[in-house]
Structure formats: C-alpha cells, structure tokens
Amino acid sequence: MRYVLVAVMFLLSLILPGTVFHFWAWSGIKPDLLMLLTIYIAMHHRLPSSVLWGLGAGLLEDLYLGRYIGMYALTLAVVACLSSWLTERWYRDNFLLTTFMVFIVTMVGQVVVAFLSLGAGLNWSLGDIGQLVIGVALYNAVLVPVTYPLIHRSFLHGWLRYRPRYER
Amino acid sequence: MGKRVNVTGIAVLVFFLLLGVLISIRLTGLGSNFPNPVGGVLQRVLSPLEKPILQLGNGIRDNTKVLWDFREVQTENEALRKQVDQLTGDNLKLKEQVLAGIRYTELDQGQFRSPSLDTFAKIGASVINRNPTTWYRTLTLNRGSQDGVAANDPVIGALGLVGKIVSVSPTTSEVLLILDGEGQVSALVRDSTGNGTFGIVQGTYKRGSRLTPEGNLQMLFRRADNVNAGDLVFTSGMGGVYPSDVPIGKVKEIQLDPSGLLKTAYIDPLVDFDALEEAYIIKK
C-alpha cells in the first residue's frame, strides 16, 4: 500500500505543475512538487535510502520530461541528501522549522537545476534566475502548512509508515 | 570508535557521477532524438489524465472571467460594436477597391490566394499540458511519433508560428515556444511596400523579465535598416527548421541601442500563447 501511495503521489507531482498550477502560477512561477515530495520522503528516511529515493524520483522526472537525462536525478539526490542531513539536526515535528527547511532546500535544489541548465546552454539573466529560485522556494514553502501535517502523520502512523518485514 | 571515511574514494565517486550526468545532459539535450521507452509509457499513461484537468481549468477560468471584469467587458463590448461598424464600412470600401483592382490592372492573381498557412500538410493537436518546470516555455501536445511527429517539426497556430517540437513520445510531443530564448527563428520583416529585412527573432529576457506570462519577442537590426513599427514579421525559411512565410508577429516598438549602431525591434506575437488550446504540427 505504501509503495502504491508513493507512486500515485509521484505521478500527481508530475501532472499537477503543468495543469492545475498553470492556473495558480505567480507571474510564471510554479511550485516544484516532486522536489517537495522528495524532501518529505527524505525527512522520514535515513541518508542512504533518502538518496536512493531522490535518485529514483529525479530519474522519473527526467524520463517524463524526455530531455537532459540526469539533471533532476542529480538535483533530487542532492536535495534528498541535504534534507536528510538537516532533519537529523533539526526537529521535524516543528512545522515552522520544516517550512523554513523546505524553503532553504528547494532554493539549493533550484540553484543546482539552474547551474546544470546553464551548463547545458540555457540563456538566462542572473536576476531572473534569482527571482525564479526564490519564487519556487517560496511557493514550495507556502505549500508546507497545507501538505506536511497530513504526510507527516501518514509517515508516522498511517499508510506511508515503513513496516519491517517481520511486522507484515 | 567512528568509521573511517575514505575522502578520496568519495571525491572520485562524486567526480565521475558529475561527469556522467554532464555527458548525459549534453547527449539528451533539446531536440535530440534518443529512445526513451519509459518516458513514452509515462506520457501514454498520464496524458489521458492531463487533458481533462487542463480543460476543466480552462473552463473554470473562462466562465468566471466575466465575473471579475464585468465592467471592463461591458465597455470593451461597446467599443467593439463601434469598431465593427467602422470596419464593416472600411471592408466594403476595400472590397470595392480590390474588385476595381482585379478589373482594371493586370496584377498577378496569386496575391489573392489564401495565406501560406493553408498550403502545408498539417497534423491537428490539442494542448494537454503546459511547461511542467518553470525553466522552459513549452507545451505538450496530444500527438506523438505514432502520428508521424518527429523532433524539430514546426508547430503553428491558427494565426501564426508557435514553436518547434523538441521531444516526442509515441503519443505526445513537447513544443518549445518561440517565446523561449532557446527557440530562435530566422525571420524576415516586411514593410508596407513588401521589402524584406532579415534578422533573428528571439524570446526576450533583456527588457522585462522572461517570467512575464505574455512574453515578448525581439529582433536586433543595424541602425540603417528600414524597419518600422507596424511592419509584419514572417519566417524566412532559412535555418532548415521553419518553412518560409509563416507569420510570427507585428513590430510593436523600436528602440535605439545606447551605442547608436544597433536598434532593437520588439515584436507582438500574433498567437496568444497563454490561451492556446489547439495547434498544428507541420509535416515537412
């Protein structure tokens, strides 16, 4: 059940930014839902499995977009690694702290995307990159109070909780 | 006792990982035609879900729009009625002149043929998704390699050029809009006498922000070039991607560069990219 739910959330994160959030974009800026989901997953896993989840999610997005294979795989692996590392030091039950963490980690993730895109020949001014990075990070942070309590509860007590084999 | 960390090993691993990703990004860039069966399956599964969501959103937006700007719609309606009356009169006069032209001069009949858009072999497609990431201005169409679509095929709307296909799955394809700075178009500006000046149309990011939803196009010219506001911009047919004579937009404004050697023409695209719901993929 846990894996089905995660798969559904992954697919929704791919579909929603181009459809629903097309209508809710702030001057062209949309949230990066897959990055948000990766952060949530990484917050509830240990470092090695977080990085694997990040790589998998990133590869899925790369294949879905069908170009620059590896860009999101690397980015989300970095994001997962950073989130997992921060969660070990910060208190993940504090929603305000989580919001701040999502802001910081999304910003780092978007900077990595920008950096890799510039390497691939993207032609953007630094001002616009800054605006976009901060905009996406803010949008993701705004979504935390709406989404995190539900997902956090599900990871602790609900369907998303990891059950070791002997418990199943 | 803590575990010893092999720093050199990690550094080598990270280096090769980065190198691998950079090579992979380079090989699978915009317009490359690499096989992507997983992406194809994903698109095939997700596209039936994406289309209704986008249609629902469009429906809600279009139906509630009038509630928000009722007053504006009313004044616009009055202004438009007046304009329709005036244009109907103008149209009648023009028709008379055209008929007179046909009767009394020996002009080539070709100029009254329908615009060049009608002469291409086209595949009709609906927009099912818009750019999933904010970094590129793209659309997803519901036609793919099964319908004969290939990377670099040009895409046009009812009024003019939209962009080109950059990636294809069996059932969907992704269009890079001309508004994106990456999608440059070789173009020809025609003035009122029909003389052409060549240039490159590109999505702007220098003037306003590239993030403005309506987007802008620009062209650079030498100061001496004869380009004026109101001139029409067409594709030139050079560069091998776009056919010639597809309308792109109208020159809205011209600004001299501080150096005095160049000038920039800002172009109003003919296609309303934000409201685009259908497009045609041209088969070359």
# chains A, B, ... in the order shown; residues from 1 in each chain; ligands from 1
$ residues_around --residues "Asp191 (chain B)" --least-positions-apart "6" --cutoff "12 Å" --atoms "only C-alpha atoms" --output "list in words"
Thr197, Phe198, Asp225, Asn226, Val227, Asn228, Ala229, Gly230, Asp231, Leu232, Val233, Phe234, Lys250 and Val251 of chain B
$ write_last_selection --atoms "C-alpha atoms" --output "PDB file, in the first residue's frame"
ATOM      1  CA  THR B 197      14.957  42.790 -43.947  1.00  0.00           C
ATOM      2  CA  PHE B 198      16.429  39.597 -42.482  1.00  0.00           C
ATOM      3  CA  ASP B 225      17.903  49.005 -41.638  1.00  0.00           C
ATOM      4  CA  ASN B 226      14.496  50.116 -42.776  1.00  0.00           C
ATOM      5  CA  VAL B 227      12.245  48.621 -40.086  1.00  0.00           C
ATOM      6  CA  ASN B 228       9.257  50.455 -38.630  1.00  0.00           C
ATOM      7  CA  ALA B 229       6.557  49.885 -36.045  1.00  0.00           C
ATOM      8  CA  GLY B 230       3.611  48.110 -37.660  1.00  0.00           C
ATOM      9  CA  ASP B 231       5.729  46.000 -40.041  1.00  0.00           C
ATOM     10  CA  LEU B 232       4.905  42.305 -40.202  1.00  0.00           C
ATOM     11  CA  VAL B 233       7.426  39.619 -39.308  1.00  0.00           C
ATOM     12  CA  PHE B 234       7.480  36.277 -41.188  1.00  0.00           C
ATOM     13  CA  LYS B 250       3.980  42.613 -35.718  1.00  0.00           C
ATOM     14  CA  VAL B 251       6.691  45.120 -34.807  1.00  0.00           C
TER      15      VAL B 251
END
$ residues_around --residues "Thr98 (chain A)" --least-positions-apart "5" --cutoff "12 Å" --atoms "only C-alpha atoms" --output "PyMOL selection string"
chain A and resi 36+39-40+43+83-84+86-87+89-93+103-106+140-145+147-149+152
$ atom_distance --atom1 "CA of Gly196 (chain B)" --atom2 "CA of Val155 (chain B)"
23.3 Å
$ select_by_dssp --residues "region 166-268 of chain B" --states "strand (DSSP E)" --output "VMD selection string"
chain B and resid 166 to 168 173 to 177 185 to 190 196 to 203 217 to 222 232 to 235 247 to 256 262 to 268
$ write_last_selection --atoms "N, CA and C atoms" --output "short mmCIF file (atom, residue, chain, number, x, y, z; two decimals), in the first residue's frame"
data_model
loop_
_atom_site.label_atom_id
_atom_site.label_comp_id
_atom_site.auth_asym_id
_atom_site.auth_seq_id
_atom_site.Cartn_x
_atom_site.Cartn_y
_atom_site.Cartn_z
N VAL B 166 10.43 19.55 -29.58
CA VAL B 166 11.76 19.23 -29.06
C VAL B 166 11.87 17.80 -28.53
N SER B 167 10.74 17.20 -28.11
CA SER B 167 10.85 15.79 -27.75
C SER B 167 9.53 15.10 -28.08
N VAL B 168 9.65 13.82 -28.43
CA VAL B 168 8.48 13.08 -28.89
C VAL B 168 8.38 11.77 -28.14
N SER B 173 3.91 14.97 -27.72
CA SER B 173 5.14 15.64 -28.13
C SER B 173 5.22 16.98 -27.41
N GLU B 174 6.44 17.45 -27.22
CA GLU B 174 6.64 18.68 -26.47
C GLU B 174 7.12 19.78 -27.42
N VAL B 175 6.47 20.95 -27.30
CA VAL B 175 6.79 22.07 -28.19
C VAL B 175 7.54 23.14 -27.42
N LEU B 176 8.67 23.56 -27.95
CA LEU B 176 9.39 24.69 -27.38
C LEU B 176 8.83 25.95 -28.05
N LEU B 177 8.25 26.85 -27.27
CA LEU B 177 7.62 28.04 -27.86
C LEU B 177 8.69 29.02 -28.37
N VAL B 185 14.35 32.02 -34.20
CA VAL B 185 13.76 31.82 -35.53
C VAL B 185 14.40 32.81 -36.51
N SER B 186 14.82 32.28 -37.66
CA SER B 186 15.31 33.17 -38.71
C SER B 186 14.11 33.83 -39.37
N ALA B 187 14.10 35.17 -39.44
CA ALA B 187 12.87 35.85 -39.85
C ALA B 187 13.14 36.95 -40.86
N LEU B 188 12.05 37.43 -41.41
CA LEU B 188 12.10 38.45 -42.44
C LEU B 188 11.03 39.48 -42.08
N VAL B 189 11.44 40.75 -41.95
CA VAL B 189 10.46 41.80 -41.65
C VAL B 189 10.06 42.44 -42.97
N ARG B 190 8.75 42.48 -43.23
CA ARG B 190 8.30 43.10 -44.47
C ARG B 190 7.64 44.44 -44.14
N GLY B 196 11.93 43.28 -47.76
CA GLY B 196 12.24 42.47 -46.59
C GLY B 196 13.59 42.80 -45.99
N THR B 197 13.69 42.68 -44.65
CA THR B 197 14.96 42.79 -43.95
C THR B 197 15.10 41.53 -43.09
N PHE B 198 16.25 40.85 -43.22
CA PHE B 198 16.43 39.60 -42.48
C PHE B 198 16.90 39.85 -41.05
N GLY B 199 16.58 38.92 -40.17
CA GLY B 199 17.05 39.01 -38.79
C GLY B 199 16.70 37.76 -38.03
N ILE B 200 17.04 37.74 -36.74
CA ILE B 200 16.72 36.59 -35.90
C ILE B 200 15.72 37.02 -34.83
N VAL B 201 14.61 36.30 -34.73
CA VAL B 201 13.64 36.58 -33.67
C VAL B 201 13.99 35.72 -32.47
N GLN B 202 14.04 36.34 -31.29
CA GLN B 202 14.27 35.53 -30.10
C GLN B 202 13.37 35.99 -28.96
N GLY B 203 13.08 35.06 -28.05
CA GLY B 203 12.33 35.40 -26.86
C GLY B 203 13.15 36.39 -26.05
N LEU B 217 8.85 39.12 -27.91
CA LEU B 217 9.86 38.70 -28.88
C LEU B 217 10.65 39.92 -29.27
N GLN B 218 11.89 39.72 -29.66
CA GLN B 218 12.68 40.86 -30.10
C GLN B 218 13.58 40.49 -31.27
N MET B 219 13.99 41.51 -32.02
CA MET B 219 14.93 41.32 -33.12
C MET B 219 15.95 42.44 -33.06
N LEU B 220 17.18 42.14 -33.47
CA LEU B 220 18.22 43.17 -33.49
C LEU B 220 18.49 43.58 -34.94
N PHE B 221 18.65 44.89 -35.18
CA PHE B 221 18.94 45.37 -36.53
C PHE B 221 20.05 46.39 -36.48
N ARG B 222 20.65 46.63 -37.67
CA ARG B 222 21.56 47.77 -37.76
C ARG B 222 20.70 49.03 -37.78
N LEU B 232 5.19 43.70 -40.55
CA LEU B 232 4.91 42.31 -40.20
C LEU B 232 6.18 41.46 -40.26
N VAL B 233 6.25 40.48 -39.36
CA VAL B 233 7.43 39.62 -39.31
C VAL B 233 7.02 38.21 -39.73
N PHE B 234 7.74 37.65 -40.70
CA PHE B 234 7.48 36.28 -41.19
C PHE B 234 8.72 35.43 -40.99
N THR B 235 8.55 34.10 -41.04
CA THR B 235 9.73 33.25 -41.05
C THR B 235 10.40 33.39 -42.41
N PRO B 247 3.55 33.71 -40.63
CA PRO B 247 3.56 34.95 -39.84
C PRO B 247 4.01 34.69 -38.40
N ILE B 248 4.80 35.59 -37.85
CA ILE B 248 5.24 35.48 -36.45
C ILE B 248 4.59 36.56 -35.60
N GLY B 249 4.66 37.81 -36.07
CA GLY B 249 4.09 38.88 -35.26
C GLY B 249 4.21 40.22 -35.95
N LYS B 250 3.99 41.27 -35.17
CA LYS B 250 3.98 42.61 -35.72
C LYS B 250 4.95 43.45 -34.89
N VAL B 251 5.74 44.29 -35.55
CA VAL B 251 6.69 45.12 -34.81
C VAL B 251 5.90 46.14 -33.99
N LYS B 252 6.13 46.13 -32.66
CA LYS B 252 5.33 46.99 -31.78
C LYS B 252 6.06 48.29 -31.51
N GLU B 253 7.39 48.19 -31.38
CA GLU B 253 8.14 49.34 -30.93
C GLU B 253 9.59 49.15 -31.31
N ILE B 254 10.28 50.28 -31.58
CA ILE B 254 11.70 50.17 -31.92
C ILE B 254 12.51 51.04 -30.98
N GLN B 255 13.60 50.49 -30.47
CA GLN B 255 14.42 51.26 -29.55
C GLN B 255 15.85 51.27 -30.04
N LEU B 256 16.48 52.45 -30.02
CA LEU B 256 17.89 52.54 -30.41
C LEU B 256 18.75 52.09 -29.25
N LEU B 262 23.06 49.94 -33.29
CA LEU B 262 22.03 48.91 -33.44
C LEU B 262 20.69 49.44 -32.95
N LYS B 263 19.64 48.75 -33.39
CA LYS B 263 18.34 49.03 -32.80
C LYS B 263 17.61 47.71 -32.54
N THR B 264 16.74 47.73 -31.54
CA THR B 264 16.01 46.53 -31.18
C THR B 264 14.55 46.72 -31.53
N ALA B 265 13.98 45.75 -32.27
CA ALA B 265 12.55 45.82 -32.55
C ALA B 265 11.84 44.86 -31.60
N TYR B 266 10.84 45.36 -30.88
CA TYR B 266 10.04 44.50 -30.01
C TYR B 266 8.82 44.04 -30.78
N ILE B 267 8.57 42.75 -30.73
CA ILE B 267 7.54 42.18 -31.60
C ILE B 267 6.40 41.59 -30.80
N ASP B 268 5.21 41.94 -31.21
CA ASP B 268 4.00 41.43 -30.58
C ASP B 268 3.62 40.14 -31.31
#
$ closest_atom_pairs --of "chain A" --to "chain B" --cutoff "6 Å" --atoms "only C-alpha atoms" --output "tab-separated table"
residue	atom	partner	partner_atom	distance
A:Pro17	CA	B:Pro132	CA	5.3
A:Gly18	CA	B:Pro132	CA	4.3
A:Thr19	CA	B:Leu54	CA	5.2
A:Ser27	CA	B:Thr212	CA	5.7
A:Gly28	CA	B:Leu211	CA	5.4
A:Leu63	CA	B:Gly39	CA	4.6
A:Tyr64	CA	B:Gly39	CA	4.7
A:Arg67	CA	B:Thr28	CA	5.3
A:Tyr68	CA	B:Ile25	CA	4.1
A:Ile69	CA	B:Ile25	CA	5.4
A:Gly70	CA	B:Val21	CA	5.1
$ write_last_selection --atoms "N, CA and C atoms" --output "short mmCIF file (atom, residue, chain, number, x, y, z; two decimals), in the first residue's frame"
data_model
loop_
_atom_site.label_atom_id
_atom_site.label_comp_id
_atom_site.auth_asym_id
_atom_site.auth_seq_id
_atom_site.Cartn_x
_atom_site.Cartn_y
_atom_site.Cartn_z
N PRO A 17 1.91 20.29 -11.70
CA PRO A 17 2.52 21.59 -12.02
C PRO A 17 2.15 22.11 -13.41
N GLY A 18 2.01 21.21 -14.40
CA GLY A 18 1.70 21.68 -15.75
C GLY A 18 0.22 21.94 -15.97
N THR A 19 -0.63 21.40 -15.11
CA THR A 19 -2.07 21.56 -15.33
C THR A 19 -2.69 22.50 -14.30
N SER A 27 3.12 35.02 -11.67
CA SER A 27 3.95 35.52 -12.79
C SER A 27 4.88 34.42 -13.31
N GLY A 28 4.26 33.31 -13.68
CA GLY A 28 5.02 32.24 -14.33
C GLY A 28 5.72 31.27 -13.39
N LEU A 63 12.91 11.23 -17.23
CA LEU A 63 12.33 10.41 -18.30
C LEU A 63 10.99 10.98 -18.74
N TYR A 64 10.21 11.50 -17.79
CA TYR A 64 8.92 12.10 -18.11
C TYR A 64 9.12 13.32 -19.01
N ARG A 67 14.21 14.91 -21.69
CA ARG A 67 15.45 15.58 -22.12
C ARG A 67 16.33 15.87 -20.92
N TYR A 68 17.59 16.14 -21.20
CA TYR A 68 18.59 16.39 -20.14
C TYR A 68 18.54 15.30 -19.06
N ILE A 69 18.63 14.04 -19.51
CA ILE A 69 18.55 12.93 -18.56
C ILE A 69 19.70 13.04 -17.56
N GLY A 70 19.38 12.98 -16.30
CA GLY A 70 20.40 13.05 -15.25
C GLY A 70 20.32 14.34 -14.46
#
$ closest_residue --among "A:Leu47, A:Met101, A:Leu116, A:Ile129" --to "Ala73 (chain A)" --atoms "only C-alpha atoms"
A:Leu116
$ atom_distance --atom1 "CA of Leu132 (chain A)" --atom2 "CA of Asn216 (chain B)"
17.9 Å
$ closest_residue --among "B:Gly144, B:Gly9, B:Gly240, B:Gly124" --to "Arg44 (chain B)" --atoms "only C-alpha atoms"
B:Gly144
